[in-house]
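Just query.txt here, compact mmCIF, N, CA and C atoms:
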# COMPACT_ATOMS: atom_id res chain seq x y z
N ASP A 1 0.82 -1.18 0.00
CA ASP A 1 0.00 0.00 0.00
C ASP A 1 0.86 1.24 0.00
N ALA A 2 2.06 1.04 0.00
CA ALA A 2 2.97 2.18 -0.11
C ALA A 2 2.80 2.81 -1.47
N ALA A 3 2.52 1.99 -2.42
CA ALA A 3 2.32 2.54 -3.77
C ALA A 3 1.03 3.31 -3.80
N GLU A 4 0.02 2.81 -3.10
CA GLU A 4 -1.26 3.53 -3.04
C GLU A 4 -1.08 4.85 -2.33
N ALA A 5 -0.35 4.84 -1.27
CA ALA A 5 -0.09 6.07 -0.51
C ALA A 5 0.70 7.04 -1.36
N GLN A 6 1.64 6.50 -2.08
CA GLN A 6 2.45 7.34 -2.97
C GLN A 6 1.58 7.93 -4.06
N ARG A 7 0.66 7.09 -4.58
CA ARG A 7 -0.23 7.56 -5.62
C ARG A 7 -1.15 8.64 -5.06
N ARG A 8 -1.68 8.43 -3.85
CA ARG A 8 -2.54 9.44 -3.24
C ARG A 8 -1.78 10.72 -2.99
N GLU A 9 -0.56 10.54 -2.50
CA GLU A 9 0.27 11.73 -2.25
C GLU A 9 0.54 12.45 -3.55
N ALA A 10 0.78 11.73 -4.60
CA ALA A 10 1.04 12.33 -5.92
C ALA A 10 -0.22 13.02 -6.42
N CYS A 11 -1.40 12.38 -6.14
CA CYS A 11 -2.66 13.00 -6.56
C CYS A 11 -2.90 14.27 -5.77
N ARG A 12 -2.63 14.25 -4.46
CA ARG A 12 -2.78 15.46 -3.65
C ARG A 12 -1.83 16.54 -4.12
N ALA A 13 -0.63 16.15 -4.39
CA ALA A 13 0.38 17.11 -4.86
C ALA A 13 -0.06 17.68 -6.23
N ALA A 14 -0.60 16.80 -7.07
CA ALA A 14 -1.07 17.25 -8.38
C ALA A 14 -2.27 18.16 -8.22
N ALA A 15 -3.18 17.82 -7.29
CA ALA A 15 -4.36 18.65 -7.05
C ALA A 15 -3.94 19.99 -6.48
N LEU A 16 -2.97 19.94 -5.53
CA LEU A 16 -2.45 21.18 -4.96
C LEU A 16 -1.79 22.03 -6.05
N ALA A 17 -1.02 21.40 -6.88
CA ALA A 17 -0.34 22.10 -7.98
C ALA A 17 -1.39 22.67 -8.93
N GLN A 18 -2.44 21.84 -9.16
CA GLN A 18 -3.50 22.30 -10.05
C GLN A 18 -4.22 23.52 -9.45
N ARG A 19 -4.51 23.46 -8.12
CA ARG A 19 -5.15 24.60 -7.45
C ARG A 19 -4.24 25.83 -7.48
N GLU A 20 -2.94 25.58 -7.21
CA GLU A 20 -1.99 26.69 -7.24
C GLU A 20 -1.90 27.28 -8.64
N CYS A 21 -1.90 26.38 -9.58
CA CYS A 21 -1.84 26.83 -10.98
C CYS A 21 -3.11 27.60 -11.33
N ALA A 22 -4.26 27.08 -10.89
CA ALA A 22 -5.54 27.76 -11.15
C ALA A 22 -5.57 29.11 -10.45
N ALA A 23 -5.04 29.14 -9.20
CA ALA A 23 -4.98 30.41 -8.45
C ALA A 23 -4.07 31.40 -9.17
N ALA A 24 -2.94 30.88 -9.66
CA ALA A 24 -1.99 31.75 -10.38
C ALA A 24 -2.64 32.25 -11.68
N VAL A 25 -3.35 31.34 -12.35
CA VAL A 25 -4.04 31.74 -13.58
C VAL A 25 -5.11 32.76 -13.24
N GLU A 26 -5.85 32.49 -12.15
CA GLU A 26 -6.90 33.42 -11.72
C GLU A 26 -6.30 34.78 -11.37
N GLU A 27 -5.19 34.72 -10.62
CA GLU A 27 -4.53 35.97 -10.25
C GLU A 27 -4.02 36.70 -11.49
N GLY A 28 -3.41 35.97 -12.39
CA GLY A 28 -2.92 36.57 -13.64
C GLY A 28 -4.06 37.12 -14.48
N THR A 29 -5.16 36.37 -14.53
CA THR A 29 -6.33 36.80 -15.29
C THR A 29 -6.92 38.06 -14.67
N GLY A 30 -6.99 38.08 -13.32
CA GLY A 30 -7.50 39.27 -12.63
C GLY A 30 -6.61 40.48 -12.90
N HIS A 31 -5.30 40.24 -12.84
CA HIS A 31 -4.35 41.32 -13.12
C HIS A 31 -4.49 41.79 -14.57
N LEU A 32 -4.58 40.84 -15.49
CA LEU A 32 -4.75 41.19 -16.90
C LEU A 32 -6.08 41.89 -17.13
N SER A 33 -7.13 41.44 -16.43
CA SER A 33 -8.44 42.06 -16.55
C SER A 33 -8.39 43.50 -16.05
N ALA A 34 -7.70 43.72 -14.93
CA ALA A 34 -7.56 45.09 -14.40
C ALA A 34 -6.78 45.96 -15.38
N GLN A 35 -5.70 45.41 -15.92
CA GLN A 35 -4.92 46.16 -16.92
C GLN A 35 -5.77 46.47 -18.15
N LEU A 36 -6.57 45.49 -18.57
CA LEU A 36 -7.43 45.68 -19.73
C LEU A 36 -8.45 46.77 -19.46
N LYS A 37 -9.06 46.78 -18.26
CA LYS A 37 -10.01 47.84 -17.90
C LYS A 37 -9.32 49.19 -17.89
N GLN A 38 -8.12 49.21 -17.29
CA GLN A 38 -7.37 50.47 -17.22
C GLN A 38 -7.03 50.98 -18.63
N LYS A 39 -6.59 50.10 -19.47
CA LYS A 39 -6.25 50.49 -20.84
C LYS A 39 -7.49 50.86 -21.64
N SER A 40 -8.60 50.20 -21.36
CA SER A 40 -9.86 50.54 -22.04
C SER A 40 -10.30 51.95 -21.64
N LYS A 41 -10.18 52.26 -20.34
CA LYS A 41 -10.53 53.61 -19.89
C LYS A 41 -9.61 54.65 -20.53
N LEU A 42 -8.32 54.32 -20.58
CA LEU A 42 -7.36 55.24 -21.22
C LEU A 42 -7.72 55.43 -22.69
N LEU A 43 -8.05 54.35 -23.36
CA LEU A 43 -8.43 54.43 -24.77
C LEU A 43 -9.71 55.26 -24.95
N GLU A 44 -10.70 55.08 -24.07
CA GLU A 44 -11.92 55.87 -24.13
C GLU A 44 -11.63 57.35 -23.92
N ARG A 45 -10.75 57.65 -22.94
CA ARG A 45 -10.38 59.04 -22.69
C ARG A 45 -9.65 59.64 -23.90
N LEU A 46 -8.76 58.85 -24.47
CA LEU A 46 -8.04 59.32 -25.66
C LEU A 46 -8.99 59.56 -26.83
N GLU A 47 -9.96 58.68 -26.99
CA GLU A 47 -10.96 58.85 -28.06
C GLU A 47 -11.79 60.11 -27.81
N ALA A 48 -12.16 60.35 -26.56
CA ALA A 48 -12.93 61.56 -26.22
C ALA A 48 -12.08 62.80 -26.48
N ASP A 49 -10.81 62.75 -26.08
CA ASP A 49 -9.90 63.89 -26.33
C ASP A 49 -9.73 64.11 -27.83
N ARG A 50 -9.63 63.02 -28.56
CA ARG A 50 -9.49 63.12 -30.01
C ARG A 50 -10.72 63.78 -30.63
N ALA A 51 -11.91 63.37 -30.17
CA ALA A 51 -13.15 63.96 -30.68
C ALA A 51 -13.21 65.45 -30.33
N THR A 52 -12.80 65.80 -29.11
CA THR A 52 -12.78 67.21 -28.70
C THR A 52 -11.82 68.00 -29.56
N LEU A 53 -10.63 67.45 -29.76
CA LEU A 53 -9.62 68.14 -30.59
C LEU A 53 -10.10 68.27 -32.04
N ARG A 54 -10.76 67.23 -32.53
CA ARG A 54 -11.28 67.29 -33.90
C ARG A 54 -12.33 68.39 -34.02
N ALA A 55 -13.22 68.50 -33.00
CA ALA A 55 -14.25 69.55 -33.00
C ALA A 55 -13.59 70.92 -32.94
N LYS A 56 -12.58 71.06 -32.08
CA LYS A 56 -11.86 72.35 -32.00
C LYS A 56 -11.19 72.67 -33.32
N LEU A 57 -10.58 71.67 -33.93
CA LEU A 57 -9.92 71.87 -35.21
C LEU A 57 -10.92 72.31 -36.28
N GLU A 58 -12.08 71.67 -36.31
CA GLU A 58 -13.13 72.05 -37.26
C GLU A 58 -13.57 73.49 -37.03
N HIS A 59 -13.74 73.84 -35.75
CA HIS A 59 -14.14 75.22 -35.40
C HIS A 59 -13.06 76.21 -35.87
N GLU A 60 -11.81 75.89 -35.60
CA GLU A 60 -10.70 76.78 -36.01
C GLU A 60 -10.62 76.87 -37.54
N TYR A 61 -10.86 75.75 -38.21
CA TYR A 61 -10.83 75.74 -39.67
C TYR A 61 -11.94 76.64 -40.22
N GLU A 62 -13.14 76.52 -39.64
CA GLU A 62 -14.26 77.37 -40.08
C GLU A 62 -13.96 78.84 -39.78
N ALA A 63 -13.36 79.12 -38.61
CA ALA A 63 -13.01 80.50 -38.26
C ALA A 63 -11.95 81.03 -39.23
N ALA A 64 -11.00 80.18 -39.60
CA ALA A 64 -9.96 80.60 -40.56
C ALA A 64 -10.58 80.88 -41.93
N GLU A 65 -11.51 80.04 -42.36
CA GLU A 65 -12.19 80.28 -43.63
C GLU A 65 -12.99 81.58 -43.58
N SER A 66 -13.67 81.81 -42.48
CA SER A 66 -14.44 83.04 -42.31
C SER A 66 -13.52 84.25 -42.34
N SER A 67 -12.39 84.15 -41.65
CA SER A 67 -11.42 85.25 -41.65
C SER A 67 -10.87 85.48 -43.05
N GLU A 68 -10.62 84.42 -43.77
CA GLU A 68 -10.11 84.56 -45.15
C GLU A 68 -11.15 85.25 -46.03
N ARG A 69 -12.42 84.86 -45.87
CA ARG A 69 -13.48 85.51 -46.66
C ARG A 69 -13.57 87.00 -46.31
N ARG A 70 -13.50 87.32 -45.01
CA ARG A 70 -13.54 88.73 -44.59
C ARG A 70 -12.34 89.48 -45.15
N TYR A 71 -11.16 88.84 -45.10
CA TYR A 71 -9.95 89.47 -45.63
C TYR A 71 -10.11 89.75 -47.13
N GLN A 72 -10.61 88.77 -47.86
CA GLN A 72 -10.80 88.96 -49.30
C GLN A 72 -11.80 90.08 -49.59
N ALA A 73 -12.89 90.12 -48.80
CA ALA A 73 -13.90 91.18 -48.98
C ALA A 73 -13.29 92.55 -48.67
N LEU A 74 -12.53 92.63 -47.59
CA LEU A 74 -11.90 93.91 -47.24
C LEU A 74 -10.85 94.32 -48.27
N LEU A 75 -10.14 93.33 -48.79
CA LEU A 75 -9.15 93.62 -49.82
C LEU A 75 -9.83 94.16 -51.07
N ALA A 76 -10.92 93.53 -51.48
CA ALA A 76 -11.67 94.00 -52.65
C ALA A 76 -12.21 95.41 -52.40
N GLU A 77 -12.73 95.64 -51.20
CA GLU A 77 -13.24 96.97 -50.86
C GLU A 77 -12.12 98.00 -50.87
N SER A 78 -10.96 97.60 -50.36
CA SER A 78 -9.80 98.49 -50.34
C SER A 78 -9.38 98.86 -51.76
N VAL A 79 -9.38 97.88 -52.65
CA VAL A 79 -9.03 98.14 -54.05
C VAL A 79 -10.03 99.11 -54.67
N GLU A 80 -11.32 98.90 -54.37
CA GLU A 80 -12.36 99.78 -54.92
C GLU A 80 -12.21 101.21 -54.37
N VAL A 81 -11.96 101.31 -53.07
CA VAL A 81 -11.78 102.64 -52.47
C VAL A 81 -10.54 103.32 -53.08
N HIS A 82 -9.48 102.56 -53.27
CA HIS A 82 -8.27 103.13 -53.88
C HIS A 82 -8.55 103.61 -55.30
N ARG A 83 -9.30 102.79 -56.05
CA ARG A 83 -9.64 103.17 -57.43
C ARG A 83 -10.46 104.46 -57.43
N GLU A 84 -11.45 104.52 -56.54
CA GLU A 84 -12.29 105.72 -56.46
C GLU A 84 -11.46 106.93 -56.04
N ARG A 85 -10.53 106.72 -55.13
CA ARG A 85 -9.65 107.82 -54.69
C ARG A 85 -8.80 108.32 -55.84
N MET A 86 -8.26 107.38 -56.61
CA MET A 86 -7.42 107.77 -57.75
C MET A 86 -8.26 108.55 -58.78
N GLN A 87 -9.50 108.10 -59.02
CA GLN A 87 -10.37 108.82 -59.95
C GLN A 87 -10.68 110.22 -59.42
N ALA A 88 -10.92 110.31 -58.11
CA ALA A 88 -11.21 111.61 -57.51
C ALA A 88 -9.99 112.53 -57.62
N MET A 89 -8.81 111.96 -57.41
CA MET A 89 -7.59 112.77 -57.52
C MET A 89 -7.39 113.25 -58.96
N GLN A 90 -7.66 112.37 -59.93
CA GLN A 90 -7.54 112.77 -61.33
C GLN A 90 -8.55 113.86 -61.65
N ALA A 91 -9.77 113.71 -61.14
CA ALA A 91 -10.79 114.74 -61.37
C ALA A 91 -10.37 116.06 -60.74
N MET A 92 -9.78 115.99 -59.53
CA MET A 92 -9.31 117.21 -58.87
C MET A 92 -8.19 117.86 -59.66
N GLN A 93 -7.28 117.05 -60.20
CA GLN A 93 -6.19 117.60 -61.00
C GLN A 93 -6.75 118.27 -62.25
N THR A 94 -7.73 117.62 -62.87
CA THR A 94 -8.36 118.21 -64.06
C THR A 94 -9.04 119.52 -63.69
N MET A 95 -9.77 119.53 -62.56
CA MET A 95 -10.43 120.77 -62.13
C MET A 95 -9.40 121.85 -61.80
N GLN A 96 -8.29 121.43 -61.19
CA GLN A 96 -7.24 122.40 -60.86
C GLN A 96 -6.66 123.01 -62.14
N LYS A 97 -6.42 122.18 -63.15
CA LYS A 97 -5.90 122.70 -64.42
C LYS A 97 -6.92 123.65 -65.05
N THR A 98 -8.21 123.23 -65.03
CA THR A 98 -9.26 124.09 -65.58
C THR A 98 -9.32 125.39 -64.80
N ASN A 99 -9.22 125.32 -63.49
CA ASN A 99 -9.24 126.52 -62.65
C ASN A 99 -8.06 127.43 -63.00
N GLU A 100 -6.89 126.83 -63.19
CA GLU A 100 -5.71 127.62 -63.56
C GLU A 100 -5.93 128.28 -64.93
N GLN A 101 -6.51 127.52 -65.86
CA GLN A 101 -6.78 128.08 -67.19
C GLN A 101 -7.79 129.22 -67.09
N LEU A 102 -8.82 129.03 -66.25
CA LEU A 102 -9.82 130.09 -66.08
C LEU A 102 -9.19 131.32 -65.43
N ARG A 103 -8.31 131.12 -64.46
CA ARG A 103 -7.62 132.26 -63.84
C ARG A 103 -6.79 133.01 -64.88
N ALA A 104 -6.06 132.23 -65.69
CA ALA A 104 -5.23 132.86 -66.72
C ALA A 104 -6.12 133.63 -67.70
N ALA A 105 -7.26 133.03 -68.08
CA ALA A 105 -8.17 133.71 -69.00
C ALA A 105 -8.74 134.97 -68.35
N LEU A 106 -9.05 134.90 -67.06
CA LEU A 106 -9.56 136.06 -66.34
C LEU A 106 -8.51 137.17 -66.29
N VAL A 107 -7.27 136.78 -66.00
CA VAL A 107 -6.19 137.78 -65.98
C VAL A 107 -6.05 138.41 -67.37
N ASP A 108 -6.10 137.60 -68.41
CA ASP A 108 -6.01 138.12 -69.78
C ASP A 108 -7.18 139.05 -70.07
N ALA A 109 -8.40 138.61 -69.65
CA ALA A 109 -9.59 139.43 -69.89
C ALA A 109 -9.49 140.74 -69.12
N GLU A 110 -9.02 140.68 -67.88
CA GLU A 110 -8.87 141.91 -67.10
C GLU A 110 -7.85 142.83 -67.75
N GLY A 111 -6.78 142.22 -68.25
CA GLY A 111 -5.76 143.03 -68.95
C GLY A 111 -6.33 143.66 -70.20
N MET A 112 -7.12 142.86 -70.96
CA MET A 112 -7.72 143.38 -72.18
C MET A 112 -8.75 144.47 -71.83
N ASN A 113 -9.50 144.27 -70.76
CA ASN A 113 -10.49 145.25 -70.32
C ASN A 113 -9.79 146.54 -69.90
N ALA A 114 -8.70 146.41 -69.14
CA ALA A 114 -7.96 147.61 -68.72
C ALA A 114 -7.40 148.33 -69.93
N LYS A 115 -6.89 147.57 -70.88
CA LYS A 115 -6.34 148.20 -72.10
C LYS A 115 -7.45 148.90 -72.87
N HIS A 116 -8.61 148.21 -72.96
CA HIS A 116 -9.74 148.81 -73.66
C HIS A 116 -10.18 150.10 -72.96
N GLU A 117 -10.28 150.07 -71.62
CA GLU A 117 -10.67 151.27 -70.87
C GLU A 117 -9.66 152.39 -71.10
N THR A 118 -8.38 152.02 -71.11
CA THR A 118 -7.35 153.02 -71.35
C THR A 118 -7.50 153.60 -72.75
N ASP A 119 -7.75 152.73 -73.73
CA ASP A 119 -7.93 153.19 -75.11
C ASP A 119 -9.15 154.11 -75.21
N VAL A 120 -10.23 153.72 -74.55
CA VAL A 120 -11.45 154.53 -74.58
C VAL A 120 -11.18 155.88 -73.92
N GLN A 121 -10.48 155.85 -72.79
CA GLN A 121 -10.18 157.12 -72.10
C GLN A 121 -9.31 158.00 -73.00
N ARG A 122 -8.35 157.44 -73.68
CA ARG A 122 -7.50 158.24 -74.58
C ARG A 122 -8.33 158.84 -75.71
N LYS A 123 -9.24 158.01 -76.25
CA LYS A 123 -10.09 158.51 -77.33
C LYS A 123 -10.94 159.67 -76.84
N VAL A 124 -11.52 159.51 -75.65
CA VAL A 124 -12.37 160.57 -75.09
C VAL A 124 -11.54 161.83 -74.88
N VAL A 125 -10.36 161.64 -74.31
CA VAL A 125 -9.49 162.80 -74.06
C VAL A 125 -9.12 163.44 -75.38
N ARG A 126 -8.81 162.66 -76.39
CA ARG A 126 -8.45 163.19 -77.70
C ARG A 126 -9.62 163.95 -78.31
N ARG A 127 -10.82 163.38 -78.20
CA ARG A 127 -11.99 164.05 -78.76
C ARG A 127 -12.24 165.38 -78.06
N PHE A 128 -12.12 165.34 -76.71
CA PHE A 128 -12.31 166.60 -75.99
C PHE A 128 -11.25 167.61 -76.39
N SER A 129 -10.03 167.12 -76.53
CA SER A 129 -8.95 168.03 -76.92
C SER A 129 -9.20 168.57 -78.31
N ASP A 130 -9.61 167.67 -79.20
CA ASP A 130 -9.88 168.10 -80.57
C ASP A 130 -11.04 169.09 -80.59
N ALA A 131 -12.08 168.83 -79.85
CA ALA A 131 -13.26 169.70 -79.82
C ALA A 131 -12.90 171.03 -79.16
N ALA A 132 -12.07 170.99 -78.16
CA ALA A 132 -11.67 172.24 -77.49
C ALA A 132 -10.81 173.07 -78.43
N GLY A 133 -9.97 172.38 -79.18
CA GLY A 133 -9.11 173.10 -80.11
C GLY A 133 -9.89 173.71 -81.23
N GLU A 134 -10.98 173.17 -81.62
CA GLU A 134 -11.78 173.69 -82.73
C GLU A 134 -12.85 174.65 -82.20
N GLY A 135 -12.98 174.76 -80.88
CA GLY A 135 -13.93 175.67 -80.33
C GLY A 135 -15.32 175.09 -80.25
N ARG A 136 -15.46 173.86 -80.44
CA ARG A 136 -16.78 173.24 -80.29
C ARG A 136 -16.95 172.76 -78.86
N GLY A 137 -18.08 172.37 -78.51
CA GLY A 137 -18.34 171.83 -77.19
C GLY A 137 -17.91 170.37 -77.12
N PRO A 138 -18.32 169.70 -76.14
CA PRO A 138 -17.96 168.28 -76.02
C PRO A 138 -18.53 167.49 -77.18
N PRO A 139 -17.82 166.45 -77.62
CA PRO A 139 -18.29 165.66 -78.75
C PRO A 139 -19.54 164.87 -78.42
N ALA A 140 -20.27 164.58 -79.43
CA ALA A 140 -21.49 163.75 -79.27
C ALA A 140 -21.09 162.31 -79.04
N ASP A 141 -21.90 161.64 -78.26
CA ASP A 141 -21.60 160.21 -77.99
C ASP A 141 -21.80 159.40 -79.26
N ASP A 142 -20.96 158.46 -79.48
CA ASP A 142 -21.08 157.58 -80.65
C ASP A 142 -21.97 156.44 -80.40
Any chance you could give the structure as structure tokens?
Amino acid sequence: DAAEAQRREACRAAALAQRECAAAVEEGTGHLSAQLKQKSKLLERLEADRATLRAKLEHEYEAAESSERRYQALLAESVEVHRERMQAMQAMQTMQKTNEQLRAALVDAEGMNAKHETDVQRKVVRRFSDAAGEGRGPPADD
């Protein structure tokens, strides 16, 4: 019966080893399960962060597009304002030249008027002198 006792002892040792192995497997499985839960939570948090970042990126992209559209509109408006300013400046230069020409014409006209008045005064003086020299009265108006 020594063999039977040895067999029983071997069975107990095998059962103990099996329980220890099962406990080790259970412990390892529990540890792996905890790690898996921890990594799953980390992955969920990373996915949530990724979704948040993607939403922020979309918002920034839309804001950048909006800013670009505003910039283009302001640039077009600036070009139009510049064009209008240049046209106004050209019109002012034209008016200034016309004004200068009108001033010159006015000066010429005033000079011609003064010369004409001087000529008329000389004629009147000559007529009076001629009439006085001949003994007549003042000349008749023409």
Set up a box along x, y and z of the file covering all listed atoms of stretch 13-17 of chain A, add 3 Å on every one of the six sides, and write the centre and edge lengths in Å to one decimal, as AutoDock Vina command-line options.
--center_x -2.0 --center_y 19.4 --center_z -6.7 --size_x 10.7 --size_y 12.5 --size_z 10.5
Check: Please, what distance in Å, to one decimal, runs between atom CA of A:Ala17 and atom CA of A:Asp1?
Finding: 23.5 Å
Notebook entry, point to check: What gap, in Å, lies between atom CA of A:Lys37 and atom CA of A:Lys56?
Noted result: 28.3 Å
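The space between atom CA of A:Ala13 and atom CA of A:Glu26 spans 19.1 Å.
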Some atoms are absent from stretch 24-34 of chain A, so rebuild all heavy atoms and return them as a tab-separated table (two decimals), keeping the file's coordinate frame.
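Dumped to selection29.tsv:
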chain	number	residue	atom	x	y	z
A	24	ALA	N	-2.94	30.88	-9.66
A	24	ALA	CA	-1.99	31.75	-10.38
A	24	ALA	C	-2.64	32.25	-11.68
A	24	ALA	O	-2.51	33.42	-12.04
A	24	ALA	CB	-0.70	30.99	-10.67
A	25	VAL	N	-3.35	31.34	-12.35
A	25	VAL	CA	-4.04	31.74	-13.58
A	25	VAL	C	-5.11	32.76	-13.24
A	25	VAL	O	-5.28	33.78	-13.92
A	25	VAL	CB	-4.63	30.51	-14.30
A	25	VAL	CG1	-5.61	30.92	-15.38
A	25	VAL	CG2	-3.52	29.66	-14.89
A	26	GLU	N	-5.85	32.49	-12.15
A	26	GLU	CA	-6.90	33.42	-11.72
A	26	GLU	C	-6.30	34.78	-11.37
A	26	GLU	O	-6.82	35.83	-11.75
A	26	GLU	CB	-7.66	32.84	-10.52
A	26	GLU	CG	-8.82	33.68	-10.05
A	26	GLU	CD	-9.97	33.72	-11.04
A	26	GLU	OE1	-10.18	32.75	-11.79
A	26	GLU	OE2	-10.65	34.76	-11.08
A	27	GLU	N	-5.19	34.72	-10.62
A	27	GLU	CA	-4.53	35.97	-10.25
A	27	GLU	C	-4.02	36.70	-11.49
A	27	GLU	O	-4.21	37.90	-11.64
A	27	GLU	CB	-3.36	35.68	-9.31
A	27	GLU	CG	-2.67	36.93	-8.81
A	27	GLU	CD	-1.50	36.60	-7.90
A	27	GLU	OE1	-1.55	35.59	-7.17
A	27	GLU	OE2	-0.53	37.35	-7.94
A	28	GLY	N	-3.41	35.97	-12.39
A	28	GLY	CA	-2.92	36.57	-13.64
A	28	GLY	C	-4.06	37.12	-14.48
A	28	GLY	O	-3.98	38.20	-15.06
A	29	THR	N	-5.16	36.37	-14.53
A	29	THR	CA	-6.33	36.80	-15.29
A	29	THR	C	-6.92	38.06	-14.67
A	29	THR	O	-7.29	38.99	-15.36
A	29	THR	CB	-7.39	35.67	-15.34
A	29	THR	OG1	-6.82	34.51	-15.90
A	29	THR	CG2	-8.59	36.09	-16.14
A	30	GLY	N	-6.99	38.08	-13.32
A	30	GLY	CA	-7.50	39.27	-12.63
A	30	GLY	C	-6.61	40.48	-12.90
A	30	GLY	O	-7.10	41.58	-13.16
A	31	HIS	N	-5.30	40.24	-12.84
A	31	HIS	CA	-4.35	41.32	-13.12
A	31	HIS	C	-4.49	41.79	-14.57
A	31	HIS	O	-4.55	43.00	-14.84
A	31	HIS	CB	-2.93	40.83	-12.83
A	31	HIS	CG	-1.88	41.87	-13.05
A	31	HIS	ND1	-1.77	42.99	-12.27
A	31	HIS	CD2	-0.90	41.97	-13.98
A	31	HIS	CE1	-0.77	43.73	-12.69
A	31	HIS	NE2	-0.21	43.12	-13.74
A	32	LEU	N	-4.58	40.84	-15.49
A	32	LEU	CA	-4.75	41.19	-16.90
A	32	LEU	C	-6.08	41.89	-17.13
A	32	LEU	O	-6.18	42.84	-17.91
A	32	LEU	CB	-4.64	39.94	-17.78
A	32	LEU	CG	-3.24	39.36	-17.91
A	32	LEU	CD1	-3.30	38.05	-18.70
A	32	LEU	CD2	-2.30	40.33	-18.59
A	33	SER	N	-7.13	41.44	-16.43
A	33	SER	CA	-8.44	42.06	-16.55
A	33	SER	C	-8.39	43.50	-16.05
A	33	SER	O	-8.95	44.41	-16.68
A	33	SER	CB	-9.46	41.25	-15.76
A	33	SER	OG	-10.73	41.86	-15.84
A	34	ALA	N	-7.70	43.72	-14.93
A	34	ALA	CA	-7.56	45.09	-14.40
A	34	ALA	C	-6.78	45.96	-15.38
A	34	ALA	O	-7.14	47.12	-15.64
A	34	ALA	CB	-6.87	45.05	-13.03
